[in-house]
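Asks: Structure incoming, see below.
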Amino acid sequence: MEKWPVDPSSSHVNVDQSPRLSISKVDDDAETGLSSETIARSTYPDGGLKAWLTVLGAFLALFCTFGQLNSFGTFQTWYAEHQLRELPPSTIAWIGSIQLWVFFFSGGFVGRLFDAHGPRVIMIPGTVVLAFSTMMTSLSTKYYQYILAQGILFGIGVGMLFYPSLAAISTHFAKYRGTALGIAFTGSGVGGVVYPIMFDHLFDRVGFGWAVRISGFISLAACCVAVATVTSLRPPAQQKPPALSLTLFRDVPFMLVVAGSLLICLGLFIPFFYIADYARDNHIPAHTVFYIISAMNGGGIFGRLAPPLLSDAAGRFNVMVPCALLMGLSALVFWVFAKTLVAIILFAIVYGFFSGAFIAMLIPCVAQISELNEIGTRIGVLYSIISFAALAGGPAAGALLRAGHGSYTGMIVLCGVSNVAGALFMLAARLRLDRRIMVLV
């Protein structure tokens, strides 16, 4: 990992200072005639029209991709009552789990392509795949068709839009990277609020097929704008990265982040899959259930915005670790006792906030401990590894629900314990970077 010089007289060390912030003196480059500060500024402009248009494009890309991923609980409940009512919830959950796995696992390949070619060459075919998968989902009637269209194809499309747009932001920002990524990540929260409410109204008014097609047209329009606005700022003397460097796996802070993310993702999406079923089994009216999913994603909007804004001043790891810990504790001490509509909605908002904070902070933390020309690859490797936890989480929760004869306690414990254990690994990564508590990390 590249180390930036630090002024020894400083009272604290910020391990993510950009070159223009941390270089204590300006040295002229003999070959270019430019100062090191000028080169650093060209590397991380931390603003400008292209940078903020990239944030806008990423917001729209996440609105229609990750926003719909966060809304799968809507489909889980609908399928259980209509097209797939003969199947148990754990079987239906495989659609969402495969969707997540394909999306996460594609990160390794997409990240490599981004580092070599930039975002647009990936996002254009990604838009086509996303639109096609949505239309095929609207025509599906059999379980295997939903697996192929909504599980595999949709997951591929999401990955081809999600990773390039966020990695591109990291090439424009350093000092305000957390803020910029947080703004982009609110797109997924807004999408997670809009889509469940939209589907709730459209399923009954125009039917399942046209409801899904309408969402496809919305996604197509948003992704076209994203393709036009997302750009990547390449480093001045970029070298093509190797396919996969083994030094990546010897980077202790990075591997601790991977281990923590692996555990957290095992339980992270369980409430998003099952909160609607949980509410229904606690005698919440059917027309209200979809609003609980929207409430959870609404909490995620603030979680994706406020903690990243705070992290630019307080340190990215300093903010992410307590958010991950509180996410797990909220399941263990809140969800398990939430039986009324008000309590379930309050839990949904709280969990949505902290889960949104973790999701929004993960990429800034990875970018913080990575060199500029390997950000895409590292993000991709991370998401490819944690894809297996995301794949297992939903079906494992469904299996515990079935083993408990309808009791949600085992599922809730799995969600909470895995999140708390993952938070401890994140804490270990933070302490590995700097053991001093009152330091920006």
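Going by the structure tokens order, chains are called A, B, ..., each with residues numbered from 1, while ligands are numbered from 1 in the order shown.
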Which residues, written as a list in words, have at least one atom at most 8 Å from A:Phe354, with only C-alpha atoms counted and residues fewer than 4 positions away on the same chain left out?
Replies: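 In the requested form, the answer reads Gly300, Gly303, Cys323, Ala324, Leu326, Met327, Val350 and Phe358 of chain A.
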Asks: Could you save those same residues with N, CA and C atoms as a CSV table (one decimal), in the first residue's frame?
Replies:
```
chain,number,residue,atom,x,y,z
A,300,GLY,N,-32.4,3.7,5.7
A,300,GLY,CA,-31.1,3.6,5.0
A,300,GLY,C,-30.7,4.8,4.3
A,303,GLY,N,-28.9,6.7,6.8
A,303,GLY,CA,-27.7,6.0,7.1
A,303,GLY,C,-26.6,6.0,6.0
A,323,CYS,N,-21.1,1.6,13.7
A,323,CYS,CA,-22.4,1.4,13.0
A,323,CYS,C,-22.6,-0.1,12.8
A,324,ALA,N,-21.6,-0.9,12.4
A,324,ALA,CA,-21.7,-2.3,12.2
A,324,ALA,C,-22.1,-3.0,13.5
A,326,LEU,N,-23.7,-1.6,16.2
A,326,LEU,CA,-25.1,-1.3,16.5
A,326,LEU,C,-26.1,-1.9,15.6
A,327,MET,N,-25.7,-2.2,14.4
A,327,MET,CA,-26.6,-2.9,13.5
A,327,MET,C,-26.9,-4.3,14.0
A,350,VAL,N,-34.4,1.8,12.4
A,350,VAL,CA,-33.1,1.7,13.0
A,350,VAL,C,-32.1,0.8,12.3
A,358,PHE,N,-23.3,1.0,7.1
A,358,PHE,CA,-22.2,0.0,6.7
A,358,PHE,C,-22.0,-0.1,5.2
```
Asks: If we count only C-alpha atoms and set the cut-off at 9 Å, which residues sit around stretch 140-142 of chain A, ignoring sequence neighbours fewer than 6 positions away in its own chain? Please answer as a PyMOL selection string.
Replies: chain A and resi 83-84+149+209
Asks: Would you please give, as a short mmCIF file (atom, residue, chain, number, x, y, z; two decimals) with C-alpha atoms, in the first residue's frame, all residues of stretch 46-91 of chain A that DSSP assigns to alpha helix (DSSP H) based on the backbone?
Replies:
```cif
data_model
loop_
_atom_site.label_atom_id
_atom_site.label_comp_id
_atom_site.auth_asym_id
_atom_site.auth_seq_id
_atom_site.Cartn_x
_atom_site.Cartn_y
_atom_site.Cartn_z
CA LEU A 49 -18.52 19.49 -12.82
CA LYS A 50 -17.33 16.04 -13.96
CA ALA A 51 -16.90 14.85 -10.39
CA TRP A 52 -20.39 15.84 -9.26
CA LEU A 53 -21.99 14.61 -12.49
CA THR A 54 -20.37 11.26 -11.68
CA VAL A 55 -22.00 11.36 -8.25
CA LEU A 56 -25.35 12.11 -9.89
CA GLY A 57 -24.95 9.24 -12.34
CA ALA A 58 -23.98 6.84 -9.57
CA PHE A 59 -27.01 7.96 -7.54
CA LEU A 60 -29.30 7.07 -10.46
CA ALA A 61 -27.50 3.77 -11.13
CA LEU A 62 -27.89 2.73 -7.50
CA PHE A 63 -31.51 3.91 -7.40
CA CYS A 64 -32.58 1.34 -9.97
CA PHE A 66 -29.31 -1.74 -5.44
CA GLY A 67 -32.63 -0.04 -4.67
CA GLN A 68 -34.45 -2.97 -6.27
CA LEU A 69 -32.16 -5.48 -4.55
CA PHE A 72 -36.76 -8.14 -2.82
CA GLY A 73 -38.84 -8.65 0.33
CA THR A 74 -41.74 -7.27 -1.71
CA PHE A 75 -41.33 -10.05 -4.26
CA GLN A 76 -40.74 -12.64 -1.52
CA THR A 77 -44.15 -11.87 -0.02
CA TRP A 78 -45.92 -11.61 -3.39
CA TYR A 79 -44.51 -14.89 -4.69
CA ALA A 80 -45.44 -16.69 -1.46
CA GLU A 81 -49.07 -15.64 -1.96
CA PRO A 89 -40.15 -19.31 2.02
CA SER A 90 -36.59 -20.70 2.16
CA THR A 91 -36.92 -21.92 -1.45
#
```
Asks: Would you mind listing, for every residue of stretch 343-420 of chain A within 10 Å of stretch 185-198 of chain A, the two atoms forming the shortest contact and the distance between them in Å to one decimal, using only C-alpha atoms, sorted by chain and ascending residue number, as a Markdown table?
Replies:
```
| residue | atom | partner | partner_atom | distance |
| --- | --- | --- | --- | --- |
| A:Gly352 | CA | A:Gly189 | CA | 8.9 |
| A:Phe353 | CA | A:Gly189 | CA | 9.7 |
| A:Gly356 | CA | A:Gly189 | CA | 7.6 |
| A:Ala357 | CA | A:Phe185 | CA | 9.3 |
| A:Ile359 | CA | A:Phe185 | CA | 8.1 |
| A:Ala360 | CA | A:Phe185 | CA | 5.9 |
| A:Met361 | CA | A:Phe185 | CA | 9.4 |
```
Asks: For the residues in that selection, give me C-alpha atoms as a PDB file, in the first residue's frame.
Replies:
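Result file out-v9.pdb:
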```pdb
ATOM      1  CA  GLY A 352     -32.061   0.394   7.906  1.00  0.00           C
ATOM      2  CA  PHE A 353     -30.017   3.316   9.210  1.00  0.00           C
ATOM      3  CA  GLY A 356     -27.162   1.669   5.174  1.00  0.00           C
ATOM      4  CA  ALA A 357     -24.220   3.216   7.020  1.00  0.00           C
ATOM      5  CA  ILE A 359     -22.987  -0.410   3.046  1.00  0.00           C
ATOM      6  CA  ALA A 360     -22.060   3.206   2.318  1.00  0.00           C
ATOM      7  CA  MET A 361     -18.860   3.136   4.407  1.00  0.00           C
TER       8      MET A 361
END
```
Asks: A:Phe269: which residues within 12 Å, counting only C-alpha atoms, same-chain residues fewer than 2 positions away excluded, as an NGL selection string?
Replies: :A and (69-73 or 93 or 96-97 or 99-101 or 263-267 or 271-275 or 293 or 296-297 or 327-328 or 331 or 351-352 or 355-356 or 359 or 387 or 389-397 or 411-412 or 414-416 or 418-419)
Asks: In Å, rounded to a single decimal, give me how far atom CA of A:Leu130 is from atom CA of A:Gly159.
Replies: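 Atom CA of A:Gly159 sits 9.6 Å away from atom CA of A:Leu130.
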Asks: If we count only C-alpha atoms and set the cut-off at 8 Å, which residues sit around A:Val381, ignoring sequence neighbours fewer than 5 positions away in its own chain? Please answer as a list in words.
Replies: Gly107, Gly108 and Gly111 of chain A
Asks: Find the residues around A:His172 up to 8 Å (only C-alpha atoms counted), leave out those fewer than 3 positions away in its own chain, and share them as a PyMOL selection string.
Replies: chain A and resi 43-47+51+168-169+232-233
Asks: Would you mind telling me which residue in A:Val212, A:Ala276, A:Val230, A:Leu246 lies nearest to A:Ser170 when using only C-alpha atoms?
Replies: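 Among the listed residues, A:Val230 lies closest to A:Ser170.
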Asks: Point out the residue among A:Leu400, A:Val333, A:Met438, A:Leu325 with the least atom-to-atom distance to A:Leu268, counting only C-alpha atoms.
Replies: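 So, comparing all the options, the nearest one is A:Leu325.
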Asks: When distances are computed from only C-alpha atoms, which of A:Arg177, A:Lys339, A:Arg430, A:Ile92 shows the smallest separation from A:Phe254?
Replies: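 Smallest separation from A:Phe254 among the options: A:Arg430.
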